[in-house]
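Source file query_2.cif; content: mmCIF, C-alpha atoms.
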```
data_start
loop_
_atom_site.label_atom_id
_atom_site.label_comp_id
_atom_site.auth_asym_id
_atom_site.auth_seq_id
_atom_site.Cartn_x
_atom_site.Cartn_y
_atom_site.Cartn_z
CA MET A 1431 -157.97 129.30 -56.15
CA LYS A 1432 -158.17 127.99 -59.69
CA THR A 1433 -159.73 124.54 -59.88
CA ILE A 1434 -158.81 122.00 -62.54
CA TYR A 1435 -160.36 118.56 -62.85
CA HIS A 1436 -159.46 114.95 -63.53
CA ILE A 1437 -161.75 111.97 -64.08
CA ALA A 1438 -160.46 108.96 -62.14
CA THR A 1439 -161.59 105.47 -61.33
CA ARG A 1440 -162.49 104.98 -57.71
CA ALA A 1441 -159.85 102.22 -57.43
CA ASP A 1442 -157.08 104.50 -58.76
CA TRP A 1443 -158.08 107.26 -56.35
CA ASP A 1444 -158.19 104.83 -53.41
CA SER A 1445 -154.66 103.67 -54.29
CA ALA A 1446 -153.46 107.26 -54.52
CA GLN A 1447 -154.70 108.05 -51.02
CA GLU A 1448 -152.67 105.13 -49.67
CA SER A 1449 -149.47 106.04 -51.54
CA GLY A 1450 -149.71 109.85 -51.36
CA GLU A 1451 -149.55 110.34 -55.12
CA TYR A 1452 -151.86 109.69 -58.06
CA ARG A 1453 -150.46 107.90 -61.10
CA VAL A 1454 -152.25 106.62 -64.17
CA GLU A 1455 -151.17 104.77 -67.30
CA SER A 1456 -151.01 107.95 -69.40
CA LEU A 1457 -148.19 109.24 -67.19
CA GLU A 1458 -146.08 106.25 -68.21
CA THR A 1459 -147.19 106.00 -71.86
CA GLN A 1460 -147.61 109.70 -72.77
CA GLY A 1461 -145.59 111.45 -70.09
CA PHE A 1462 -148.48 113.34 -68.48
CA ILE A 1463 -151.85 113.08 -66.75
CA HIS A 1464 -154.81 114.53 -68.67
CA MET A 1465 -156.81 117.24 -66.88
CA SER A 1466 -159.63 119.63 -67.73
CA GLN A 1467 -159.83 123.32 -66.91
CA SER A 1468 -163.63 123.69 -66.93
CA VAL A 1469 -166.83 121.75 -66.31
CA ASP A 1470 -167.55 121.97 -70.04
CA GLN A 1471 -164.23 120.26 -70.84
CA VAL A 1472 -164.90 117.57 -68.21
CA LEU A 1473 -168.23 116.73 -69.83
CA LYS A 1474 -166.77 116.69 -73.34
CA VAL A 1475 -163.99 114.36 -72.30
CA ALA A 1476 -166.32 112.15 -70.27
CA ASN A 1477 -168.69 111.70 -73.19
CA ALA A 1478 -165.83 111.05 -75.63
CA ILE A 1479 -163.99 108.52 -73.48
CA TYR A 1480 -165.95 107.33 -70.42
CA THR A 1481 -169.50 106.78 -71.70
CA GLY A 1482 -171.22 104.06 -69.70
CA GLN A 1483 -168.56 103.70 -66.99
CA SER A 1484 -169.89 103.63 -63.47
CA ASP A 1485 -166.82 103.48 -61.18
CA LEU A 1486 -165.73 107.10 -61.63
CA VAL A 1487 -164.96 110.03 -59.36
CA LEU A 1488 -164.09 113.59 -60.27
CA LEU A 1489 -160.99 115.07 -58.64
CA HIS A 1490 -161.23 118.82 -57.98
CA ILE A 1491 -157.65 120.05 -57.87
CA ASP A 1492 -156.26 123.36 -56.62
CA GLU A 1493 -153.88 124.32 -59.40
CA GLN A 1494 -151.72 126.32 -56.98
CA LYS A 1495 -151.07 123.21 -54.84
CA VAL A 1496 -149.91 121.01 -57.73
CA THR A 1497 -146.18 120.32 -57.47
CA PRO A 1498 -145.28 118.73 -60.86
CA GLU A 1499 -145.07 120.88 -63.97
CA LEU A 1500 -148.49 121.78 -65.41
CA LYS A 1501 -148.79 122.89 -69.04
CA TYR A 1502 -151.84 124.03 -71.00
CA GLU A 1503 -151.70 122.30 -74.39
CA ALA A 1504 -153.80 121.02 -77.26
CA PRO A 1505 -155.28 117.59 -76.56
CA ASP A 1506 -153.23 114.51 -77.33
CA SER A 1507 -153.96 113.29 -80.86
CA ASN A 1508 -154.27 109.69 -79.58
CA VAL A 1509 -157.42 110.63 -77.64
CA PRO A 1510 -160.70 110.89 -79.57
CA ALA A 1511 -160.77 114.59 -80.42
CA HIS A 1512 -164.23 115.14 -81.83
CA HIS A 1513 -164.82 117.18 -78.67
CA TYR A 1514 -161.88 119.50 -79.42
CA LYS A 1515 -162.72 123.06 -80.46
CA GLY A 1516 -159.34 124.75 -80.21
CA GLU A 1517 -159.20 125.00 -76.44
CA LEU A 1518 -156.22 124.04 -74.33
CA PHE A 1519 -156.20 121.31 -71.70
CA PRO A 1520 -154.01 121.12 -68.58
CA HIS A 1521 -151.44 118.31 -68.74
CA LEU A 1522 -149.63 117.35 -65.55
CA TYR A 1523 -146.04 116.17 -66.15
CA GLY A 1524 -145.61 114.04 -63.05
CA ALA A 1525 -147.58 112.20 -60.39
CA LEU A 1526 -150.34 114.28 -58.81
CA ASN A 1527 -149.62 115.06 -55.18
CA VAL A 1528 -152.72 114.02 -53.20
CA PRO A 1529 -152.83 117.21 -51.04
CA ALA A 1530 -153.58 119.23 -54.21
CA VAL A 1531 -156.96 117.46 -54.45
CA VAL A 1532 -159.41 119.65 -52.54
CA ASN A 1533 -162.61 117.75 -53.28
CA VAL A 1534 -163.67 114.40 -54.71
CA THR A 1535 -167.17 113.83 -56.01
CA ASP A 1536 -168.92 110.81 -57.47
CA PHE A 1537 -169.07 111.17 -61.23
CA THR A 1538 -172.12 109.28 -62.45
CA ALA A 1539 -173.48 108.91 -65.94
CA ASN A 1540 -177.14 109.21 -66.80
CA PRO A 1541 -179.10 105.99 -67.48
CA ASP A 1542 -178.17 106.33 -71.18
CA GLY A 1543 -174.45 106.27 -70.26
CA LYS A 1544 -173.85 109.95 -71.07
CA PHE A 1545 -172.64 112.66 -68.70
CA THR A 1546 -174.53 115.96 -68.42
CA GLN A 1547 -173.47 117.33 -65.02
CA ILE A 1548 -170.81 117.10 -62.36
#
```
Would you mind giving the structure from this file in structure tokens?
Amino acid sequence: MKTIYHIATRADWDSAQESGEYRVESLETQGFIHMSQSVDQVLKVANAIYTGQSDLVLLHIDEQKVTPELKYEAPDSNVPAHHYKGELFPHLYGALNVPAVVNVTDFTANPDGKFTQI
């Protein structure tokens, strides 16, 4: 099993469990859901975008169970990219099917608002 990750708000994840699929604004505005392929990428993204947020969970997703198209691409240029070092990020081109999520963990920042572990 290859695990990929997505940072979600608890409210968005709760809604997804009720509907059976996970949708976020980026799917409508950019055409895909942003994912990470490693813990290192998760932390880079979290510290670039989610610093100080406290209502987050980390979705652990079995790549083989994902039904929409998944592409590994450079990060979107609209997202702060100071964390980008040439690696590719998984982008999901459709709503995430809830059964592909194999684990959900609280994703909590340190007291200074930064993320150092999952």
Check the smallest atom-to-atom distance from each of A:Pro1505, A:Gly1450, A:Gly1482, A:Pro1498 to A:Gly1524 using only C-alpha atoms, then report the winner.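 The answer is A:Pro1498, which sits nearest to A:Gly1524.
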Would you list the contacts of A:Ala1530 as number ranges by chain, taking every protein, DNA or RNA residue within 9 Å and counting all atoms listed in the file, but skipping same-chain residues closer than 6 positions in sequence? A: 1490-1497
Best match for closeness to A:Phe1462 among A:Val1532, A:Leu1526, A:Met1431, A:Ala1539, counting all atoms listed in the file: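 Nearest to A:Phe1462: A:Leu1526.
What separates atom CA of A:Leu1473 from atom CA of A:Val1454 is a distance of 19.7 Å.
Nearest to A:Ala1525 of all the residues A:Leu1500, A:Ile1437, A:Ile1548, A:Val1475 is A:Leu1500, based on only C-alpha atoms.
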The residue from A:Glu1455, A:Ala1476, A:Gly1461, A:Ile1434 with the smallest atom-to-atom distance to A:Gln1547, counting all atoms listed in the file, is A:Ala1476
For the point (-175.1, 108.6, -67.2) in the file's frame, write as JSON, numbers by chain all residues with an atom no more than 10 Å away, counting all atoms listed in the file. {"A": [1476, 1477, 1480, 1481, 1482, 1483, 1484, 1537, 1538, 1539, 1540, 1541, 1542, 1543, 1544, 1545, 1546, 1547]}
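Computed from the coordinates, the atom CA of A:Arg1453 to atom CA of A:Pro1520 distance equals 15.6 Å.
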How far is it from atom CA of A:Thr1459 to atom CA of A:Lys1432, in Å with one decimal?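 Result for atom CA of A:Thr1459 versus atom CA of A:Lys1432: 27.4 Å, one decimal.
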Got a sec: who's within 8 Å of A:Val1534, counting only C-alpha atoms, leaving out chain neighbours fewer than 2 positions off, as a list in words?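 Everything that qualifies: Val1487, Leu1488, Leu1489, His1490, Val1531, Val1532 and Asp1536 of chain A.
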With C-alpha atoms kept, could you save the residues just selected as an mmCIF file, in the coordinates of the input?
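part-v2.cif written:
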```
data_model
loop_
_atom_site.group_PDB
_atom_site.id
_atom_site.type_symbol
_atom_site.label_atom_id
_atom_site.label_comp_id
_atom_site.auth_asym_id
_atom_site.auth_seq_id
_atom_site.Cartn_x
_atom_site.Cartn_y
_atom_site.Cartn_z
ATOM 1 C CA VAL A 1487 -164.960 110.030 -59.360
ATOM 2 C CA LEU A 1488 -164.090 113.590 -60.270
ATOM 3 C CA LEU A 1489 -160.990 115.070 -58.640
ATOM 4 C CA HIS A 1490 -161.230 118.820 -57.980
ATOM 5 C CA VAL A 1531 -156.960 117.460 -54.450
ATOM 6 C CA VAL A 1532 -159.410 119.650 -52.540
ATOM 7 C CA ASP A 1536 -168.920 110.810 -57.470
#
```
